[in-house]
file final_19.pdb (PDB, C-alpha atoms, pLDDT in the B column)
MODEL        1
ATOM      1  CA  MET T 134     -13.226 -49.818  97.991  1.00 60.00           C
ATOM      2  CA  PRO T 135     -10.207 -50.085  95.649  1.00 69.00           C
ATOM      3  CA  LYS T 136     -10.826 -51.956  92.422  1.00 74.00           C
ATOM      4  CA  ALA T 137      -8.471 -54.784  91.480  1.00 74.00           C
ATOM      5  CA  ILE T 138      -6.786 -54.357  88.117  1.00 76.00           C
ATOM      6  CA  VAL T 139      -5.822 -57.503  86.248  1.00 73.00           C
ATOM      7  CA  THR T 140      -3.861 -57.102  83.050  1.00 77.00           C
ATOM      8  CA  LYS T 141      -3.558 -59.709  80.313  1.00 80.00           C
ATOM      9  CA  GLN T 142      -0.760 -62.116  81.098  1.00 85.00           C
ATOM     10  CA  ALA T 143       1.191 -64.679  79.056  1.00 89.00           C
ATOM     11  CA  ASP T 144      -0.456 -68.101  78.727  1.00 91.00           C
ATOM     12  CA  PHE T 145       1.521 -70.801  80.571  1.00 93.00           C
ATOM     13  CA  THR T 146      -1.152 -73.518  80.263  1.00 95.00           C
ATOM     14  CA  GLU T 147       0.130 -77.080  80.508  1.00 96.00           C
ATOM     15  CA  HIS T 148      -1.753 -79.726  78.506  1.00 97.00           C
ATOM     16  CA  GLU T 149      -2.389 -83.228  79.855  1.00 97.00           C
ATOM     17  CA  THR T 150      -1.176 -86.021  77.564  1.00 97.00           C
ATOM     18  CA  ASP T 151      -1.683 -88.972  79.946  1.00 97.00           C
ATOM     19  CA  SER T 152      -3.095 -89.530  83.431  1.00 97.00           C
ATOM     20  CA  LYS T 153      -3.073 -92.401  85.884  1.00 97.00           C
ATOM     21  CA  THR T 154      -4.203 -92.936  89.455  1.00 97.00           C
ATOM     22  CA  VAL T 155      -1.331 -94.182  91.620  1.00 97.00           C
ATOM     23  CA  PHE T 156      -3.276 -94.335  94.901  1.00 97.00           C
ATOM     24  CA  GLN T 157      -7.011 -94.509  95.636  1.00 95.00           C
ATOM     25  CA  GLY T 158      -8.116 -93.925  99.230  1.00 93.00           C
ATOM     26  CA  ARG T 159     -11.410 -93.144 100.954  1.00 88.00           C
ATOM     27  CA  LEU T 160     -10.618 -89.440 101.321  1.00 86.00           C
ATOM     28  CA  LEU T 161      -8.474 -88.723  98.274  1.00 90.00           C
ATOM     29  CA  GLN T 162      -6.594 -90.109  95.316  1.00 95.00           C
ATOM     30  CA  VAL T 163      -3.093 -89.426  94.053  1.00 97.00           C
ATOM     31  CA  LYS T 164      -2.598 -88.834  90.330  1.00 97.00           C
ATOM     32  CA  LEU T 165       0.459 -88.858  88.075  1.00 97.00           C
ATOM     33  CA  ASP T 166      -0.064 -86.964  84.826  1.00 97.00           C
ATOM     34  CA  ALA T 167       2.153 -86.462  81.818  1.00 97.00           C
ATOM     35  CA  VAL T 168       1.896 -82.915  80.458  1.00 97.00           C
ATOM     36  CA  ARG T 169       3.135 -80.848  77.555  1.00 97.00           C
ATOM     37  CA  LEU T 170       4.682 -77.578  78.745  1.00 96.00           C
ATOM     38  CA  PRO T 171       4.169 -74.226  76.985  1.00 95.00           C
ATOM     39  CA  ASP T 172       7.536 -74.649  75.237  1.00 96.00           C
ATOM     40  CA  GLY T 173       6.507 -78.098  73.926  1.00 95.00           C
ATOM     41  CA  LYS T 174       8.679 -80.147  76.309  1.00 97.00           C
ATOM     42  CA  ALA T 175       7.281 -83.024  78.382  1.00 97.00           C
ATOM     43  CA  ALA T 176       6.995 -83.128  82.181  1.00 97.00           C
ATOM     44  CA  THR T 177       5.091 -84.984  84.900  1.00 97.00           C
ATOM     45  CA  ARG T 178       2.783 -83.645  87.588  1.00 97.00           C
ATOM     46  CA  GLU T 179       1.918 -85.451  90.839  1.00 97.00           C
ATOM     47  CA  TYR T 180      -1.138 -84.192  92.675  1.00 96.00           C
ATOM     48  CA  VAL T 181      -3.929 -85.086  95.064  1.00 96.00           C
ATOM     49  CA  GLU T 182      -7.538 -85.120  93.911  1.00 94.00           C
ATOM     50  CA  HIS T 183      -9.918 -84.141  96.707  1.00 94.00           C
ATOM     51  CA  ASN T 184     -13.696 -83.789  96.527  1.00 93.00           C
ATOM     52  CA  GLY T 185     -13.637 -80.488  98.413  1.00 95.00           C
ATOM     53  CA  ALA T 186     -14.774 -79.352 101.827  1.00 97.00           C
ATOM     54  CA  VAL T 187     -16.802 -76.749 103.665  1.00 98.00           C
ATOM     55  CA  MET T 188     -15.668 -74.604 106.598  1.00 98.00           C
ATOM     56  CA  ILE T 189     -18.113 -72.807 108.852  1.00 98.00           C
ATOM     57  CA  ILE T 190     -17.486 -69.617 110.835  1.00 98.00           C
ATOM     58  CA  PRO T 191     -20.131 -69.994 113.593  1.00 98.00           C
ATOM     59  CA  LEU T 192     -20.814 -66.609 115.217  1.00 98.00           C
ATOM     60  CA  LEU T 193     -22.858 -66.631 118.434  1.00 98.00           C
ATOM     61  CA  ASP T 194     -25.227 -63.794 119.324  1.00 97.00           C
ATOM     62  CA  SER T 195     -22.759 -62.951 122.132  1.00 97.00           C
ATOM     63  CA  GLY T 196     -20.106 -62.190 119.504  1.00 97.00           C
ATOM     64  CA  GLU T 197     -18.022 -65.234 120.390  1.00 98.00           C
ATOM     65  CA  LEU T 198     -17.078 -67.935 117.917  1.00 98.00           C
ATOM     66  CA  VAL T 199     -17.676 -71.666 118.161  1.00 98.00           C
ATOM     67  CA  MET T 200     -14.353 -73.420 117.565  1.00 98.00           C
ATOM     68  CA  GLU T 201     -12.993 -76.961 117.794  1.00 96.00           C
ATOM     69  CA  ARG T 202      -9.858 -78.413 119.319  1.00 96.00           C
ATOM     70  CA  GLN T 203      -8.833 -81.792 117.979  1.00 95.00           C
ATOM     71  CA  TYR T 204      -5.758 -83.932 117.484  1.00 94.00           C
ATOM     72  CA  ARG T 205      -4.414 -83.888 113.933  1.00 94.00           C
ATOM     73  CA  TYR T 206      -2.317 -86.996 113.429  1.00 94.00           C
ATOM     74  CA  VAL T 207      -0.398 -85.674 110.417  1.00 93.00           C
ATOM     75  CA  MET T 208       0.779 -82.649 112.451  1.00 93.00           C
ATOM     76  CA  ARG T 209       1.226 -84.755 115.637  1.00 95.00           C
ATOM     77  CA  ARG T 210      -0.460 -82.078 117.733  1.00 95.00           C
ATOM     78  CA  HIS T 211      -3.779 -80.658 118.848  1.00 96.00           C
ATOM     79  CA  CYS T 212      -5.168 -77.899 116.623  1.00 96.00           C
ATOM     80  CA  ILE T 213      -7.809 -75.231 117.138  1.00 97.00           C
ATOM     81  CA  GLU T 214      -9.933 -74.843 114.035  1.00 97.00           C
ATOM     82  CA  PHE T 215     -13.265 -73.697 112.683  1.00 98.00           C
ATOM     83  CA  PRO T 216     -15.692 -76.592 112.116  1.00 97.00           C
ATOM     84  CA  ALA T 217     -15.240 -78.150 108.681  1.00 97.00           C
ATOM     85  CA  GLY T 218     -15.774 -81.340 106.765  1.00 95.00           C
ATOM     86  CA  LYS T 219     -15.512 -82.915 103.354  1.00 95.00           C
ATOM     87  CA  ILE T 220     -18.278 -82.714 100.797  1.00 96.00           C
ATOM     88  CA  ASP T 221     -19.789 -86.146 100.161  1.00 94.00           C
ATOM     89  CA  PRO T 222     -20.243 -87.149  96.497  1.00 92.00           C
ATOM     90  CA  GLY T 223     -23.400 -85.509  95.131  1.00 94.00           C
ATOM     91  CA  GLU T 224     -23.881 -83.373  98.262  1.00 96.00           C
ATOM     92  CA  GLU T 225     -24.563 -79.639  98.021  1.00 96.00           C
ATOM     93  CA  PRO T 226     -21.927 -77.625  99.924  1.00 97.00           C
ATOM     94  CA  LEU T 227     -24.505 -75.821 102.094  1.00 97.00           C
ATOM     95  CA  ALA T 228     -25.907 -79.217 103.146  1.00 97.00           C
ATOM     96  CA  THR T 229     -22.348 -80.241 104.078  1.00 98.00           C
ATOM     97  CA  GLY T 230     -22.012 -77.124 106.227  1.00 98.00           C
ATOM     98  CA  ARG T 231     -25.297 -77.722 108.030  1.00 97.00           C
ATOM     99  CA  ARG T 232     -24.412 -81.384 108.628  1.00 96.00           C
ATOM    100  CA  GLU T 233     -20.885 -80.716 109.872  1.00 95.00           C
ATOM    101  CA  LEU T 234     -21.907 -77.853 112.171  1.00 97.00           C
ATOM    102  CA  LEU T 235     -24.506 -80.045 113.892  1.00 95.00           C
ATOM    103  CA  GLU T 236     -22.407 -83.224 114.001  1.00 93.00           C
ATOM    104  CA  GLU T 237     -19.253 -81.601 115.323  1.00 93.00           C
ATOM    105  CA  THR T 238     -20.498 -78.751 117.531  1.00 95.00           C
ATOM    106  CA  GLY T 239     -24.147 -79.540 118.240  1.00 95.00           C
ATOM    107  CA  TYR T 240     -25.297 -76.201 116.782  1.00 97.00           C
ATOM    108  CA  VAL T 241     -27.774 -75.355 114.054  1.00 97.00           C
ATOM    109  CA  ALA T 242     -27.867 -71.923 112.434  1.00 98.00           C
ATOM    110  CA  ARG T 243     -30.810 -69.750 111.412  1.00 97.00           C
ATOM    111  CA  GLU T 244     -28.772 -67.748 108.880  1.00 97.00           C
ATOM    112  CA  TRP T 245     -26.108 -68.880 106.427  1.00 98.00           C
ATOM    113  CA  PHE T 246     -23.966 -66.635 104.240  1.00 97.00           C
ATOM    114  CA  PHE T 247     -21.519 -67.814 101.575  1.00 96.00           C
ATOM    115  CA  LEU T 248     -18.234 -65.903 101.881  1.00 96.00           C
ATOM    116  CA  THR T 249     -15.637 -67.337  99.508  1.00 95.00           C
ATOM    117  CA  THR T 250     -13.875 -70.391  98.120  1.00 96.00           C
ATOM    118  CA  ILE T 251     -10.240 -70.992  98.986  1.00 96.00           C
ATOM    119  CA  HIS T 252      -7.722 -73.410  97.477  1.00 97.00           C
ATOM    120  CA  PRO T 253      -5.284 -74.214 100.307  1.00 94.00           C
ATOM    121  CA  THR T 254      -2.586 -76.030  98.315  1.00 94.00           C
ATOM    122  CA  VAL T 255      -2.707 -75.037  94.629  1.00 95.00           C
ATOM    123  CA  ALA T 256       0.680 -76.597  93.837  1.00 94.00           C
ATOM    124  CA  TYR T 257      -0.321 -80.205  94.544  1.00 94.00           C
ATOM    125  CA  SER T 258      -4.028 -80.592  95.345  1.00 96.00           C
ATOM    126  CA  THR T 259      -7.403 -79.923  93.713  1.00 95.00           C
ATOM    127  CA  GLU T 260      -8.968 -79.328  97.142  1.00 96.00           C
ATOM    128  CA  ARG T 261     -11.289 -76.356  97.437  1.00 97.00           C
ATOM    129  CA  ILE T 262     -12.903 -75.169 100.666  1.00 97.00           C
ATOM    130  CA  LEU T 263     -16.146 -73.218 100.562  1.00 97.00           C
ATOM    131  CA  VAL T 264     -16.409 -70.837 103.510  1.00 97.00           C
ATOM    132  CA  TYR T 265     -19.734 -69.952 105.151  1.00 97.00           C
ATOM    133  CA  LEU T 266     -20.696 -67.631 107.996  1.00 98.00           C
ATOM    134  CA  ALA T 267     -23.382 -69.125 110.278  1.00 98.00           C
ATOM    135  CA  ARG T 268     -25.434 -66.886 112.600  1.00 97.00           C
ATOM    136  CA  GLY T 269     -28.454 -67.260 114.847  1.00 97.00           C
ATOM    137  CA  LEU T 270     -26.996 -70.366 116.473  1.00 98.00           C
ATOM    138  CA  GLU T 271     -28.986 -72.740 118.645  1.00 97.00           C
ATOM    139  CA  HIS T 272     -27.396 -75.653 120.518  1.00 96.00           C
ATOM    140  CA  ARG T 273     -29.037 -79.043 119.922  1.00 93.00           C
ATOM    141  CA  GLY T 274     -26.280 -81.483 120.974  1.00 86.00           C
ATOM    142  CA  SER T 275     -23.380 -82.888 118.964  1.00 77.00           C
ATOM    143  CA  GLN T 276     -23.482 -86.135 116.999  1.00 77.00           C
ATOM    144  CA  LEU T 277     -19.819 -86.958 116.398  1.00 73.00           C
ATOM    145  CA  ASP T 278     -18.909 -89.597 113.832  1.00 73.00           C
ATOM    146  CA  ASP T 279     -17.510 -92.873 115.176  1.00 78.00           C
ATOM    147  CA  GLY T 280     -13.802 -92.403 115.911  1.00 78.00           C
ATOM    148  CA  GLU T 281     -14.067 -88.596 115.984  1.00 79.00           C
ATOM    149  CA  PHE T 282     -12.828 -86.881 119.147  1.00 89.00           C
ATOM    150  CA  LEU T 283     -12.927 -83.137 119.638  1.00 92.00           C
ATOM    151  CA  GLU T 284     -13.587 -80.408 122.166  1.00 94.00           C
ATOM    152  CA  VAL T 285     -15.951 -77.543 121.359  1.00 95.00           C
ATOM    153  CA  LEU T 286     -14.892 -74.175 122.731  1.00 96.00           C
ATOM    154  CA  GLN T 287     -15.766 -70.521 122.392  1.00 97.00           C
ATOM    155  CA  LEU T 288     -13.334 -67.751 121.544  1.00 98.00           C
ATOM    156  CA  SER T 289     -13.711 -64.032 121.050  1.00 98.00           C
ATOM    157  CA  PRO T 290     -12.633 -62.732 117.624  1.00 98.00           C
ATOM    158  CA  ALA T 291      -9.759 -60.891 119.352  1.00 97.00           C
ATOM    159  CA  ALA T 292      -8.560 -64.091 121.066  1.00 98.00           C
ATOM    160  CA  LEU T 293      -8.767 -65.935 117.749  1.00 98.00           C
ATOM    161  CA  LEU T 294      -6.622 -63.317 116.007  1.00 97.00           C
ATOM    162  CA  GLU T 295      -4.077 -63.444 118.838  1.00 98.00           C
ATOM    163  CA  LEU T 296      -3.783 -67.230 118.433  1.00 98.00           C
ATOM    164  CA  VAL T 297      -3.257 -66.710 114.696  1.00 98.00           C
ATOM    165  CA  ARG T 298      -0.637 -64.010 115.371  1.00 97.00           C
ATOM    166  CA  THR T 299       1.338 -66.205 117.785  1.00 97.00           C
ATOM    167  CA  GLY T 300       1.191 -69.240 115.484  1.00 96.00           C
ATOM    168  CA  GLU T 301      -0.850 -71.306 117.925  1.00 96.00           C
ATOM    169  CA  ILE T 302      -3.398 -71.511 115.096  1.00 97.00           C
ATOM    170  CA  SER T 303      -1.632 -72.334 111.842  1.00 96.00           C
ATOM    171  CA  ASP T 304      -4.384 -74.194 109.985  1.00 96.00           C
ATOM    172  CA  VAL T 305      -4.684 -72.179 106.764  1.00 96.00           C
ATOM    173  CA  LYS T 306      -8.474 -72.407 106.458  1.00 97.00           C
ATOM    174  CA  THR T 307      -8.920 -71.139 110.016  1.00 98.00           C
ATOM    175  CA  VAL T 308      -6.381 -68.356 109.465  1.00 97.00           C
ATOM    176  CA  MET T 309      -8.245 -67.283 106.310  1.00 97.00           C
ATOM    177  CA  GLY T 310     -11.561 -67.465 108.159  1.00 97.00           C
ATOM    178  CA  ALA T 311     -10.206 -65.295 110.976  1.00 98.00           C
ATOM    179  CA  LEU T 312      -9.049 -62.645 108.508  1.00 97.00           C
ATOM    180  CA  TRP T 313     -12.369 -62.700 106.625  1.00 96.00           C
ATOM    181  CA  LEU T 314     -14.254 -62.367 109.899  1.00 97.00           C
ATOM    182  CA  GLU T 315     -12.120 -59.417 110.980  1.00 97.00           C
ATOM    183  CA  LYS T 316     -12.963 -57.592 107.732  1.00 97.00           C
ATOM    184  CA  LEU T 317     -16.665 -58.402 108.136  1.00 96.00           C
ATOM    185  CA  LEU T 318     -16.839 -57.212 111.748  1.00 96.00           C
ATOM    186  CA  ARG T 319     -15.055 -53.970 110.823  1.00 96.00           C
ATOM    187  CA  GLY T 320     -17.605 -53.389 108.055  1.00 95.00           C
ATOM    188  CA  GLU T 321     -14.876 -53.392 105.397  1.00 96.00           C
ATOM    189  CA  TRP T 322     -16.303 -56.444 103.608  1.00 95.00           C
ATOM    190  CA  GLU T 323     -19.908 -57.570 103.259  1.00 92.00           C
ATOM    191  CA  THR T 324     -21.584 -60.934 103.072  1.00 92.00           C
ATOM    192  CA  GLY T 325     -23.787 -61.898 100.185  1.00 85.00           C
ATOM    193  CA  PRO T 326     -27.498 -62.479 100.731  1.00 88.00           C
ATOM    194  CA  ALA T 327     -28.652 -64.964 103.368  1.00 90.00           C
ATOM    195  CA  LEU T 328     -29.080 -68.498 102.020  1.00 91.00           C
ATOM    196  CA  ALA T 329     -32.154 -70.646 102.538  1.00 69.00           C
TER     197      ALA T 329
ENDMDL
END
call {"tool": "encode", "arguments": {"input": "final_19.pdb", "output": "structure tokens"}}
result
Amino acid sequence: MPKAIVTKQADFTEHETDSKTVFQGRLLQVKLDAVRLPDGKAATREYVEHNGAVMIIPLLDSGELVMERQYRYVMRRHCIEFPAGKIDPGEEPLATGRRELLEETGYVAREWFFLTTIHPTVAYSTERILVYLARGLEHRGSQLDDGEFLEVLQLSPAALLELVRTGEISDVKTVMGALWLEKLLRGEWETGPALA
């Protein structure tokens, strides 16, 4: 496997001089910070603080994937995605994954593998998404949250990649999950050890 080479780069760190919350919601908050730029000048930065989330790639013994189709109001359309959910304050990410997989799809998994952490919008959000592979699935029945509406479906990895290719799936976390899965199934990338 080729080794990544990172050379020393110039330091463009910006230093916070003031910070205020301009919006506080249940899911996120919006911040407005004053910063000192590397050249000493002042600027402002607007960004969203988010507690983070977990996405699960649920792989059935048949080789198919458990996916969700739900309406995303912000996009004004239905989206096909991997199961995911926000991390509650004080909650361990793996516990979030187990909870969300059961609540949304009705499945529990015998094996969990941590794959990676992605940052979907580094320019304006602190959100991070921890990605897990779940195997050895057993269906127990979904327990959707009040006001949550979604359809659980199964797709082959090839069908998933085709939906990514055509743009039918544009959700960045699901696109990243599809590409990770492809590398795993080809044996080009490996998972870490199974988690308890």
call {"tool": "closest_atom_pairs", "arguments": {"input": "final_19.pdb", "of": "region 189-248 of chain T", "to": "region 154-160 of chain T", "cutoff": "12 Å", "atoms": "all atoms listed in the file", "output": "JSON lines"}}
result
{"residue": "T:Gly218", "atom": "CA", "partner": "T:Leu160", "partner_atom": "CA", "distance": 11.0}
{"residue": "T:Lys219", "atom": "CA", "partner": "T:Leu160", "partner_atom": "CA", "distance": 8.4}
{"residue": "T:Ile220", "atom": "CA", "partner": "T:Leu160", "partner_atom": "CA", "distance": 10.2}
{"residue": "T:Asp221", "atom": "CA", "partner": "T:Leu160", "partner_atom": "CA", "distance": 9.8}
{"residue": "T:Pro222", "atom": "CA", "partner": "T:Leu160", "partner_atom": "CA", "distance": 11.0}
call {"tool": "write_last_selection", "arguments": {"input": "final_19.pdb", "atoms": "C-alpha atoms", "output": "tab-separated table (two decimals), in the frame of the given file"}}
result
chain	number	residue	atom	x	y	z
T	218	GLY	CA	-15.77	-81.34	106.76
T	219	LYS	CA	-15.51	-82.92	103.35
T	220	ILE	CA	-18.28	-82.71	100.80
T	221	ASP	CA	-19.79	-86.15	100.16
T	222	PRO	CA	-20.24	-87.15	96.50
call {"tool": "closest_residue", "arguments": {"input": "final_19.pdb", "among": "T:Leu170, T:Ile213, T:Ile138, T:Val181", "to": "Tyr257 (chain T)", "atoms": "all atoms listed in the file"}}
result
T:Val181
call {"tool": "residues_around", "arguments": {"input": "final_19.pdb", "residues": "Ala167 (chain T)", "least_positions_apart": "3", "cutoff": "12 Å", "atoms": "all atoms listed in the file", "output": "PDB file with C-alpha atoms, keeping the file's coordinate frame"}}
result
ATOM      1  CA  GLU T 147       0.130 -77.080  80.508  1.00 96.00           C
ATOM      2  CA  HIS T 148      -1.753 -79.726  78.506  1.00 97.00           C
ATOM      3  CA  GLU T 149      -2.389 -83.228  79.855  1.00 97.00           C
ATOM      4  CA  THR T 150      -1.176 -86.021  77.564  1.00 97.00           C
ATOM      5  CA  ASP T 151      -1.683 -88.972  79.946  1.00 97.00           C
ATOM      6  CA  SER T 152      -3.095 -89.530  83.431  1.00 97.00           C
ATOM      7  CA  LYS T 153      -3.073 -92.401  85.884  1.00 97.00           C
ATOM      8  CA  THR T 154      -4.203 -92.936  89.455  1.00 97.00           C
ATOM      9  CA  LYS T 164      -2.598 -88.834  90.330  1.00 97.00           C
ATOM     10  CA  LEU T 170       4.682 -77.578  78.745  1.00 96.00           C
ATOM     11  CA  LYS T 174       8.679 -80.147  76.309  1.00 97.00           C
ATOM     12  CA  ALA T 175       7.281 -83.024  78.382  1.00 97.00           C
ATOM     13  CA  ALA T 176       6.995 -83.128  82.181  1.00 97.00           C
ATOM     14  CA  THR T 177       5.091 -84.984  84.900  1.00 97.00           C
ATOM     15  CA  ARG T 178       2.783 -83.645  87.588  1.00 97.00           C
ATOM     16  CA  GLU T 179       1.918 -85.451  90.839  1.00 97.00           C
ATOM     17  CA  TYR T 180      -1.138 -84.192  92.675  1.00 96.00           C
TER      18      TYR T 180
END
call {"tool": "residues_around", "arguments": {"input": "final_19.pdb", "residues": "Arg210 (chain T)", "least_positions_apart": "5", "cutoff": "12 Å", "atoms": "all atoms listed in the file", "output": "PDB file with C-alpha atoms, keeping the file's coordinate frame"}}
result
ATOM      1  CA  ARG T 202      -9.858 -78.413 119.319  1.00 96.00           C
ATOM      2  CA  GLN T 203      -8.833 -81.792 117.979  1.00 95.00           C
ATOM      3  CA  TYR T 204      -5.758 -83.932 117.484  1.00 94.00           C
ATOM      4  CA  ARG T 205      -4.414 -83.888 113.933  1.00 94.00           C
ATOM      5  CA  GLU T 301      -0.850 -71.306 117.925  1.00 96.00           C
ATOM      6  CA  ILE T 302      -3.398 -71.511 115.096  1.00 97.00           C
ATOM      7  CA  SER T 303      -1.632 -72.334 111.842  1.00 96.00           C
ATOM      8  CA  ASP T 304      -4.384 -74.194 109.985  1.00 96.00           C
TER       9      ASP T 304
END
call {"tool": "atom_distance", "arguments": {"input": "final_19.pdb", "atom1": "CA of Trp245 (chain T)", "atom2": "CA of Glu321 (chain T)"}}
result
19.2 Å
call {"tool": "atom_distance", "arguments": {"input": "final_19.pdb", "atom1": "CA of Glu244 (chain T)", "atom2": "CA of Asp279 (chain T)"}}
result
28.2 Å
call {"tool": "residues_around", "arguments": {"input": "final_19.pdb", "residues": "Ala242 (chain T)", "least_positions_apart": "3", "cutoff": "8 Å", "atoms": "all atoms listed in the file", "output": "JSON, numbers by chain"}}
result
{"T": [231, 245, 267, 268, 269, 270, 271]}
call {"tool": "resolve_selection", "arguments": {"input": "final_19.pdb", "expression": "the PyMOL selection byres ((chain T and resi 314) around 10)", "output": "list in words"}}
result
Ile190, Leu192, Leu248, Leu266, Pro290, Leu294, Val308, Met309, Gly310, Ala311, Leu312, Trp313, Glu315, Lys316, Leu317, Leu318, Arg319, Gly320, Trp322 and Glu323 of chain T
call {"tool": "write_last_selection", "arguments": {"input": "final_19.pdb", "atoms": "C-alpha atoms", "output": "mmCIF file, keeping the file's coordinate frame"}}
result
data_model
loop_
_atom_site.group_PDB
_atom_site.id
_atom_site.type_symbol
_atom_site.label_atom_id
_atom_site.label_comp_id
_atom_site.auth_asym_id
_atom_site.auth_seq_id
_atom_site.Cartn_x
_atom_site.Cartn_y
_atom_site.Cartn_z
ATOM 1 C CA ILE T 190 -17.486 -69.617 110.835
ATOM 2 C CA LEU T 192 -20.814 -66.609 115.217
ATOM 3 C CA LEU T 248 -18.234 -65.903 101.881
ATOM 4 C CA LEU T 266 -20.696 -67.631 107.996
ATOM 5 C CA PRO T 290 -12.633 -62.732 117.624
ATOM 6 C CA LEU T 294 -6.622 -63.317 116.007
ATOM 7 C CA VAL T 308 -6.381 -68.356 109.465
ATOM 8 C CA MET T 309 -8.245 -67.283 106.310
ATOM 9 C CA GLY T 310 -11.561 -67.465 108.159
ATOM 10 C CA ALA T 311 -10.206 -65.295 110.976
ATOM 11 C CA LEU T 312 -9.049 -62.645 108.508
ATOM 12 C CA TRP T 313 -12.369 -62.700 106.625
ATOM 13 C CA GLU T 315 -12.120 -59.417 110.980
ATOM 14 C CA LYS T 316 -12.963 -57.592 107.732
ATOM 15 C CA LEU T 317 -16.665 -58.402 108.136
ATOM 16 C CA LEU T 318 -16.839 -57.212 111.748
ATOM 17 C CA ARG T 319 -15.055 -53.970 110.823
ATOM 18 C CA GLY T 320 -17.605 -53.389 108.055
ATOM 19 C CA TRP T 322 -16.303 -56.444 103.608
ATOM 20 C CA GLU T 323 -19.908 -57.570 103.259
#
call {"tool": "closest_residue", "arguments": {"input": "final_19.pdb", "among": "T:Arg209, T:Gly223, T:Val187, T:Glu236", "to": "Phe282 (chain T)", "atoms": "only C-alpha atoms"}}
result
T:Glu236
call {"tool": "closest_residue", "arguments": {"input": "final_19.pdb", "among": "T:Pro326, T:Gly300, T:Gly239, T:Gly196", "to": "Pro216 (chain T)", "atoms": "all atoms listed in the file"}}
result
T:Gly239
call {"tool": "closest_residue", "arguments": {"input": "final_19.pdb", "among": "T:Ala217, T:Val168, T:Leu293, T:Leu277", "to": "Gly185 (chain T)", "atoms": "only C-alpha atoms"}}
result
T:Ala217
call {"tool": "atom_distance", "arguments": {"input": "final_19.pdb", "atom1": "CA of Gly280 (chain T)", "atom2": "CA of Val255 (chain T)"}}
result
29.6 Å
call {"tool": "build_atoms", "arguments": {"input": "final_19.pdb", "residues": "region 309-322 of chain T", "atoms": "N, CA and C atoms", "output": "tab-separated table (two decimals), in the frame of the given file"}}
result
chain	number	residue	atom	x	y	z
T	309	MET	N	-7.49	-68.05	107.32
T	309	MET	CA	-8.24	-67.28	106.31
T	309	MET	C	-9.61	-66.87	106.86
T	310	GLY	N	-10.26	-67.78	107.57
T	310	GLY	CA	-11.56	-67.46	108.16
T	310	GLY	C	-11.46	-66.34	109.17
T	311	ALA	N	-10.41	-66.35	109.98
T	311	ALA	CA	-10.21	-65.30	110.98
T	311	ALA	C	-10.03	-63.94	110.30
T	312	LEU	N	-9.27	-63.91	109.21
T	312	LEU	CA	-9.05	-62.64	108.51
T	312	LEU	C	-10.31	-62.16	107.80
T	313	TRP	N	-11.08	-63.08	107.23
T	313	TRP	CA	-12.37	-62.70	106.62
T	313	TRP	C	-13.30	-62.12	107.69
T	314	LEU	N	-13.37	-62.81	108.83
T	314	LEU	CA	-14.25	-62.37	109.90
T	314	LEU	C	-13.87	-60.98	110.39
T	315	GLU	N	-12.57	-60.73	110.54
T	315	GLU	CA	-12.12	-59.42	110.98
T	315	GLU	C	-12.61	-58.33	110.03
T	316	LYS	N	-12.50	-58.57	108.73
T	316	LYS	CA	-12.96	-57.59	107.73
T	316	LYS	C	-14.47	-57.41	107.82
T	317	LEU	N	-15.21	-58.50	108.03
T	317	LEU	CA	-16.66	-58.40	108.14
T	317	LEU	C	-17.08	-57.60	109.37
T	318	LEU	N	-16.46	-57.89	110.51
T	318	LEU	CA	-16.84	-57.21	111.75
T	318	LEU	C	-16.46	-55.73	111.72
T	319	ARG	N	-15.43	-55.38	110.98
T	319	ARG	CA	-15.06	-53.97	110.82
T	319	ARG	C	-15.93	-53.24	109.81
T	320	GLY	N	-16.76	-53.99	109.08
T	320	GLY	CA	-17.60	-53.39	108.06
T	320	GLY	C	-16.88	-53.10	106.76
T	321	GLU	N	-15.66	-53.63	106.61
T	321	GLU	CA	-14.88	-53.39	105.40
T	321	GLU	C	-15.30	-54.31	104.26
T	322	TRP	N	-15.78	-55.50	104.59
T	322	TRP	CA	-16.30	-56.44	103.61
T	322	TRP	C	-17.73	-56.78	103.99
